[in-house]
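Data file: data-v8.cif. Format and content: mmCIF, C-alpha atoms.
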data_structure
#
loop_
_atom_site.label_atom_id
_atom_site.label_comp_id
_atom_site.auth_asym_id
_atom_site.auth_seq_id
_atom_site.Cartn_x
_atom_site.Cartn_y
_atom_site.Cartn_z
CA MET B 1 -165.88 -47.37 27.21
CA LYS B 2 -167.51 -50.27 29.05
CA LYS B 3 -171.11 -49.55 30.03
CA LYS B 4 -171.47 -48.69 33.71
CA LEU B 5 -174.16 -50.10 35.98
CA VAL B 6 -175.13 -46.67 37.38
CA ASP B 7 -175.27 -43.25 35.75
CA VAL B 8 -175.24 -40.40 38.26
CA ILE B 9 -177.02 -37.31 36.92
CA ILE B 10 -176.07 -33.87 38.26
CA PRO B 11 -177.67 -30.66 36.95
CA TYR B 12 -175.27 -27.73 37.31
CA TYR B 13 -175.99 -24.01 37.58
CA LYS B 14 -173.61 -21.68 39.44
CA LYS B 15 -172.59 -24.06 42.24
CA LYS B 16 -168.82 -23.72 41.84
CA LYS B 17 -168.36 -23.25 45.58
CA PHE B 18 -169.67 -26.76 46.30
CA VAL B 19 -169.51 -28.85 43.13
CA VAL B 20 -165.94 -30.16 43.47
CA LYS B 21 -166.70 -31.68 46.86
CA THR B 22 -169.94 -33.11 45.46
CA VAL B 23 -168.37 -34.75 42.41
CA ASN B 24 -165.41 -36.09 44.39
CA SER B 25 -167.80 -37.73 46.88
CA ILE B 26 -169.27 -39.64 43.92
CA LEU B 27 -166.01 -40.46 42.16
CA ASN B 28 -164.61 -41.79 45.46
CA GLN B 29 -167.49 -44.22 46.03
CA SER B 30 -166.60 -47.76 47.14
CA PHE B 31 -168.95 -48.82 44.31
CA THR B 32 -167.01 -48.21 41.10
CA SER B 33 -169.28 -49.21 38.20
CA LEU B 34 -170.60 -45.67 37.78
CA ARG B 35 -170.44 -42.73 35.42
CA VAL B 36 -171.03 -39.10 36.34
CA ILE B 37 -173.15 -37.16 33.85
CA LEU B 38 -173.10 -33.46 34.66
CA ILE B 39 -175.66 -31.35 32.79
CA TYR B 40 -174.25 -27.85 32.44
CA ASP B 41 -177.27 -25.52 32.52
CA ASP B 42 -175.69 -22.08 32.20
CA THR B 43 -175.10 -19.92 29.13
CA ASP B 44 -171.99 -18.51 30.81
CA LEU B 45 -169.30 -21.12 30.06
CA HIS B 46 -166.76 -19.91 32.61
CA ASP B 47 -167.55 -22.69 35.09
CA TYR B 48 -167.69 -25.25 32.27
CA TYR B 49 -164.02 -24.70 31.45
CA PHE B 50 -163.20 -24.90 35.15
CA LEU B 51 -165.03 -28.22 35.50
CA LYS B 52 -163.54 -29.61 32.30
CA LYS B 53 -160.03 -28.80 33.48
CA LYS B 54 -160.66 -30.00 37.04
CA PHE B 55 -162.11 -33.39 36.21
CA LYS B 56 -160.72 -33.95 32.70
CA LYS B 57 -162.19 -37.25 31.44
CA LYS B 58 -163.40 -38.46 34.83
CA ILE B 59 -166.93 -37.18 34.19
CA ARG B 60 -169.13 -36.59 31.15
CA ILE B 61 -170.35 -33.00 30.74
CA LEU B 62 -173.37 -32.20 28.57
CA ILE B 63 -174.12 -28.54 27.79
CA ASN B 64 -177.68 -27.27 27.41
CA ASN B 65 -178.23 -24.84 24.52
CA LYS B 66 -180.12 -22.60 26.93
CA ASN B 67 -180.98 -22.50 30.61
CA LEU B 68 -183.61 -25.24 31.10
CA GLY B 69 -183.79 -25.63 34.88
CA VAL B 70 -182.98 -28.66 37.00
CA GLY B 71 -185.92 -30.83 35.91
CA PHE B 72 -185.41 -30.61 32.16
CA SER B 73 -181.64 -30.87 32.67
CA ARG B 74 -182.14 -34.16 34.47
CA ASN B 75 -184.41 -35.28 31.63
CA ASN B 76 -181.53 -34.69 29.20
CA GLY B 77 -179.32 -36.80 31.43
CA ILE B 78 -181.92 -39.58 31.57
CA ARG B 79 -182.20 -39.62 27.76
CA PHE B 80 -178.41 -39.78 27.44
CA SER B 81 -178.04 -42.56 30.01
CA ASN B 82 -177.57 -46.19 28.97
CA SER B 83 -177.10 -47.78 32.38
CA LYS B 84 -179.37 -50.15 34.32
CA TYR B 85 -179.71 -47.74 37.23
CA ILE B 86 -179.86 -43.95 37.49
CA ALA B 87 -178.92 -42.02 40.62
CA PHE B 88 -179.56 -38.32 41.14
CA CYS B 89 -177.47 -35.77 42.96
CA ASP B 90 -177.67 -32.01 43.26
CA ALA B 91 -174.45 -30.09 42.68
CA ASP B 92 -174.06 -29.05 46.31
CA ASP B 93 -174.91 -32.30 48.14
CA ILE B 94 -172.42 -34.92 49.36
CA TRP B 95 -172.56 -38.70 49.34
CA LYS B 96 -171.12 -41.03 51.95
CA LYS B 97 -168.44 -43.30 50.51
CA ASN B 98 -170.59 -46.45 50.74
CA LYS B 99 -173.83 -44.83 49.53
CA LEU B 100 -174.19 -46.55 46.15
CA ASP B 101 -172.69 -49.82 47.33
CA LYS B 102 -175.33 -50.22 50.04
CA GLN B 103 -178.22 -49.15 47.85
CA ILE B 104 -177.40 -51.28 44.81
CA LYS B 105 -176.87 -54.38 46.97
CA TYR B 106 -180.15 -53.73 48.76
CA MET B 107 -182.02 -53.19 45.49
CA LYS B 108 -180.61 -56.34 43.92
CA SER B 109 -181.32 -58.55 46.93
CA ASN B 110 -184.91 -57.27 47.22
CA ASN B 111 -185.61 -56.83 43.48
CA LEU B 112 -186.49 -53.14 43.87
CA ASP B 113 -187.09 -50.52 41.18
CA PHE B 114 -186.77 -47.43 43.39
CA LEU B 115 -184.84 -46.79 46.58
CA HIS B 116 -184.14 -43.68 48.62
CA SER B 117 -182.54 -43.23 52.03
CA SER B 118 -182.42 -41.05 55.09
CA TYR B 119 -180.06 -38.09 54.97
CA TYR B 120 -178.28 -35.52 57.09
CA ILE B 121 -178.85 -31.79 56.61
CA ILE B 122 -175.79 -29.54 56.49
CA ASN B 123 -175.29 -25.81 56.10
CA GLU B 124 -172.93 -23.90 53.80
CA GLN B 125 -170.08 -24.48 56.26
CA ASN B 126 -170.58 -28.28 56.10
CA GLN B 127 -171.93 -28.33 59.66
CA ARG B 128 -174.61 -30.90 60.40
CA ILE B 129 -177.82 -29.12 61.43
CA GLY B 130 -180.43 -31.88 61.18
CA LYS B 131 -181.42 -35.31 59.97
CA MET B 132 -184.29 -36.62 57.88
CA SER B 133 -185.33 -40.18 58.73
CA ILE B 134 -187.63 -41.94 56.29
CA LYS B 135 -190.16 -44.79 56.22
CA LYS B 136 -189.45 -48.14 54.61
CA ASN B 137 -192.47 -47.81 52.31
CA LEU B 138 -194.44 -44.82 51.03
CA SER B 139 -197.95 -44.89 49.59
CA TYR B 140 -199.43 -42.28 47.28
CA GLN B 141 -201.49 -40.91 50.17
CA ASP B 142 -198.38 -40.71 52.38
CA LEU B 143 -196.51 -38.74 49.77
CA LEU B 144 -199.42 -36.37 49.08
CA LYS B 145 -199.13 -35.18 52.68
CA SER B 146 -195.38 -34.63 52.76
CA CYS B 147 -192.50 -35.06 50.33
CA ASP B 148 -190.07 -37.13 52.38
CA ILE B 149 -187.81 -38.23 49.53
CA GLY B 150 -184.42 -36.56 49.26
CA LEU B 151 -183.59 -36.34 45.56
CA SER B 152 -179.86 -36.90 46.09
CA THR B 153 -180.61 -40.18 47.88
CA VAL B 154 -182.62 -41.71 45.01
CA VAL B 155 -181.51 -44.67 42.90
CA VAL B 156 -183.98 -45.93 40.31
CA LYS B 157 -184.01 -48.43 37.46
CA ARG B 158 -183.72 -46.51 34.21
CA LYS B 159 -186.46 -48.54 32.52
CA ILE B 160 -189.19 -47.03 34.72
CA LEU B 161 -188.22 -43.49 33.67
CA LYS B 162 -188.71 -44.05 29.93
CA LYS B 163 -192.20 -42.52 29.99
CA LYS B 164 -192.05 -40.65 33.31
CA LEU B 165 -189.84 -37.58 33.33
CA PHE B 166 -189.51 -34.38 35.36
CA LYS B 167 -192.20 -31.76 34.77
CA ASN B 168 -191.90 -28.04 34.01
CA LEU B 169 -191.63 -26.77 37.59
CA LYS B 170 -188.91 -24.61 39.13
CA THR B 171 -189.27 -26.46 42.44
CA LYS B 172 -191.20 -29.63 43.37
CA GLU B 173 -190.26 -31.18 40.01
CA ASP B 174 -188.88 -34.24 41.81
CA TYR B 175 -191.91 -34.48 44.12
CA CYS B 176 -194.16 -34.41 41.06
CA LEU B 177 -192.25 -37.29 39.44
CA TRP B 178 -192.38 -39.47 42.57
CA LEU B 179 -196.17 -39.02 42.75
CA GLN B 180 -196.47 -39.92 39.06
CA LEU B 181 -194.41 -43.08 39.60
CA LEU B 182 -196.57 -44.16 42.55
CA LYS B 183 -199.73 -43.67 40.49
CA ALA B 184 -198.16 -45.81 37.76
CA GLY B 185 -197.76 -48.67 40.24
CA ILE B 186 -194.04 -48.28 41.01
CA LYS B 187 -193.24 -49.12 44.64
CA ILE B 188 -191.12 -46.57 46.49
CA ASN B 189 -188.86 -48.17 49.08
CA GLY B 190 -186.71 -46.52 51.70
CA LEU B 191 -183.51 -47.43 53.49
CA ASN B 192 -183.51 -45.82 56.92
CA GLU B 193 -179.81 -45.06 57.00
CA ALA B 194 -178.36 -41.61 56.37
CA LEU B 195 -176.19 -41.96 53.25
CA VAL B 196 -176.25 -38.36 51.97
CA TYR B 197 -175.50 -34.89 53.27
CA TRP B 198 -178.18 -32.57 51.86
CA ARG B 199 -177.11 -28.94 51.81
CA LYS B 200 -179.45 -26.19 52.93
CA ASN B 201 -178.22 -22.90 51.47
CA LYS B 202 -179.61 -19.42 51.07
CA VAL B 203 -179.28 -19.17 47.29
CA SER B 204 -181.17 -22.37 46.54
CA LEU B 205 -184.43 -22.13 44.58
CA SER B 206 -185.94 -24.44 47.16
CA SER B 207 -185.46 -21.69 49.77
CA ASP B 208 -187.91 -19.42 47.92
CA THR B 209 -191.14 -19.82 49.91
CA PHE B 210 -193.46 -18.18 47.39
CA GLN B 211 -192.03 -20.25 44.54
CA LYS B 212 -192.53 -23.45 46.53
CA LEU B 213 -196.13 -22.60 47.35
CA SER B 214 -196.87 -21.69 43.74
CA ASP B 215 -195.29 -24.86 42.39
CA ALA B 216 -197.04 -27.04 44.99
CA PHE B 217 -200.42 -25.68 43.93
CA LYS B 218 -199.56 -26.15 40.25
CA LEU B 219 -198.43 -29.71 40.95
CA TYR B 220 -201.70 -30.67 42.65
CA ASN B 221 -203.96 -28.76 40.27
CA LYS B 222 -202.32 -29.27 36.87
CA TYR B 223 -200.45 -32.55 37.17
CA GLU B 224 -202.41 -34.43 39.85
CA LYS B 225 -205.74 -33.12 38.49
CA PHE B 226 -207.25 -31.99 41.80
CA ASN B 227 -209.78 -29.15 41.76
CA ILE B 228 -208.84 -25.67 42.98
CA ILE B 229 -210.19 -26.05 46.52
CA THR B 230 -208.56 -29.45 47.06
CA SER B 231 -205.28 -28.19 45.56
CA PHE B 232 -205.32 -25.22 47.92
CA PHE B 233 -205.95 -27.49 50.92
CA LEU B 234 -203.19 -29.91 49.87
CA THR B 235 -200.75 -27.00 49.44
CA LEU B 236 -201.52 -25.72 52.95
CA ARG B 237 -201.15 -29.21 54.41
CA LEU B 238 -197.86 -29.76 52.61
CA SER B 239 -196.56 -26.43 53.96
CA PHE B 240 -197.62 -27.24 57.52
CA ASN B 241 -196.00 -30.67 57.38
CA PHE B 242 -192.83 -29.11 55.94
CA ILE B 243 -192.59 -26.73 58.93
CA LEU B 244 -193.27 -29.58 61.36
CA LYS B 245 -190.69 -31.76 59.64
CA ARG B 246 -188.01 -29.07 59.82
CA PHE B 247 -188.71 -28.57 63.54
CA ASN B 248 -188.41 -32.30 64.21
CA GLN B 249 -185.19 -32.53 62.20
CA LYS B 250 -183.53 -29.95 64.44
CA GLN B 251 -184.44 -32.03 67.51
CA ILE B 252 -182.56 -35.12 66.34
CA ILE B 253 -179.17 -33.75 65.37
CA GLU B 254 -176.68 -36.49 66.14
#

For the file at hand, write its structure as structure tokens.
Amino acid sequence: MKKKLVDVIIPYYKKKKFVVKTVNSILNQSFTSLRVILIYDDTDLHDYYFLKKKFKKKIRILINNKNLGVGFSRNNGIRFSNSKYIAFCDADDIWKKNKLDKQIKYMKSNNLDFLHSSYYIINEQNQRIGKMSIKKNLSYQDLLKSCDIGLSTVVVKRKILKKKLFKNLKTKEDYCLWLQLLKAGIKINGLNEALVYWRKNKVSLSSDTFQKLSDAFKLYNKYEKFNIITSFFLTLRLSFNFILKRFNQKQIIE
């Protein structure tokens, strides 16, 4: 098989209700030099056989030997990838048809290593309930205050992920990686156009408030090396900005 320019990495765990729509939104991109790598992270293989039958040879499915979580599953996908660019997508989000086309052209014309975009927020019924608009550039200090990068909007050159991978966190694993990249001197650029529909659903790990608070503190204290008091303050600030951000998103539904 000819090497593709972009590998799209999707961790999968019990998202059968949404995953077909997600994968089809990627396979139907106007940009065609892509490969879908789905990391099956469930010891129950029932959905694996469903996905294998549904998509046949249209996507590549890798099976974890045990449940690893989304971060380590993505790491397996990164190690397997051989493309120039890697894009990430969660198994319940949806891409606009021109998502990759716009981002790859923008990255090439501006010689960028990392690009994310604005995104719409939808519920389990596919209804639009908000929008997240992003800045063109983010500094380390900007990102410390609020994680404004939607994982399913990210496209990154694979070469910069060789030594920077997702950490052992149940949530915030993507936020942790973006901070690590910024500290390593990688510029994070944004395209202020909504190219993804990010799904807010009740069963998502990211909806677990206690887990998010715990992981945020661990991120600041263990991985960013802040002391306990500073880590506690940063966790509170992140939580406040998250609430403020969600309120503002509801005010700009289009």

What is the CA of Leu138 in chain B-CA of Leu182 in chain B distance in Å, reported with one decimal?
-> 8.8 Å

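CA of Trp95 in chain B sits 5.4 Å away from CA of Ser25 in chain B.
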
Extract, using only C-alpha atoms, all DNA, RNA and protein residues at most 8 Å from Ile86 in chain B, discarding same-chain residues fewer than 3 positions from it, and format them as a ChimeraX atom specification.
-> /B:6-9,78,81,83,155-158

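The spacing separating CA of Val20 in chain B from CA of Lys170 in chain B amounts to 24.0 Å.
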
In the coordinate frame of the file, compute which residues have an atom within 10 Å of (-187.0, -48.8, 40.0) when using all atoms listed in the file, and state them as a PyMOL selection string.
-> chain B and resi 84-86+107+111-115+154-161+181+186-189

Explicit residue set for the PyMOL selection byres ((chain B and resi 199) around 12), as a ChimeraX atom specification | /B:15,18-19,21-22,89-95,119-131,150-152,196-198,200-204,206-207

Using all atoms listed in the file, which residues sit within 12 Å of Leu34 in chain B once same-chain residues fewer than 2 positions away are excluded, as a ChimeraX atom specification?
-> /B:1-9,26-32,36-37,58-60,81-87,100-101,104

Could you list the residues chosen by the PyMOL selection byres ((chain B and resi 213) around 12) in this structure as a ChimeraX atom specification?
-> /B:169-172,206-212,214-220,231-240,242

Reference answer for the PyMOL selection byres ((chain B and resi 167) around 8), as a list in words = Gly71, Phe72, Leu165, Phe166, Asn168, Leu169, Glu173, Cys176 and Leu177 of chain B

Saved selection, atoms kept: C-alpha atoms, as a PDB file, in the coordinates of the input:
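After the write, part.pdb holds the following:
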ATOM      1  CA  GLY B  71    -185.920 -30.830  35.910  1.00  0.00           C
ATOM      2  CA  PHE B  72    -185.410 -30.610  32.160  1.00  0.00           C
ATOM      3  CA  LEU B 165    -189.840 -37.580  33.330  1.00  0.00           C
ATOM      4  CA  PHE B 166    -189.510 -34.380  35.360  1.00  0.00           C
ATOM      5  CA  ASN B 168    -191.900 -28.040  34.010  1.00  0.00           C
ATOM      6  CA  LEU B 169    -191.630 -26.770  37.590  1.00  0.00           C
ATOM      7  CA  GLU B 173    -190.260 -31.180  40.010  1.00  0.00           C
ATOM      8  CA  CYS B 176    -194.160 -34.410  41.060  1.00  0.00           C
ATOM      9  CA  LEU B 177    -192.250 -37.290  39.440  1.00  0.00           C
TER      10      LEU B 177
END

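Shortest atom-to-atom contact with Lys135 in chain B among B:Leu179, B:Ala184, B:Leu191, B:Val70: B:Leu191, counting only C-alpha atoms.
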
Across B:Asn192, B:Ser73, B:Thr153, B:Gln180, the smallest distance to Ser139 in chain B, with only C-alpha atoms counted, is shown by B:Gln180

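In this comparison, which uses all atoms listed in the file, the residue of B:Leu195, B:Arg79, B:Asp174, B:Gly190 approaching Lys162 in chain B most closely is B:Arg79.
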
Point (-181.5, -41.9, 57.1), cut-off 6 Å, counting all atoms listed in the file, residues as a PyMOL selection string = chain B and resi 117-119+133+192-194

Quick one: residues within 10 Å of range 53-57 of chain B, only C-alpha atoms counted, chain neighbours fewer than 3 positions away excluded, as a count of residues only?
-> 9

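Distance check against Lys164 in chain B using only C-alpha atoms: of B:His116, B:Lys96, B:Lys183, B:Lys245, the minimum falls on B:Lys183.
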
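Here the question is which of B:Ser33, B:Asn221, B:Asn110, B:Asn137 gets nearest to Ile149 in chain B using only C-alpha atoms, and that residue is B:Asn137.
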
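Using only C-alpha atoms for every distance, the candidate list B:Tyr40, B:Phe226, B:Tyr106, B:Trp178 yields B:Tyr40 as the residue closest to Arg74 in chain B.
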
May I have the centre and edge lengths, in Å to one decimal, of an axis-aligned box around the listed atoms of range 84-93 of chain B with 8 Å added to every side, as AutoDock Vina command-line options?
--center_x -177.0 --center_y -39.6 --center_z 41.2 --size_x 21.8 --size_y 37.1 --size_z 29.8
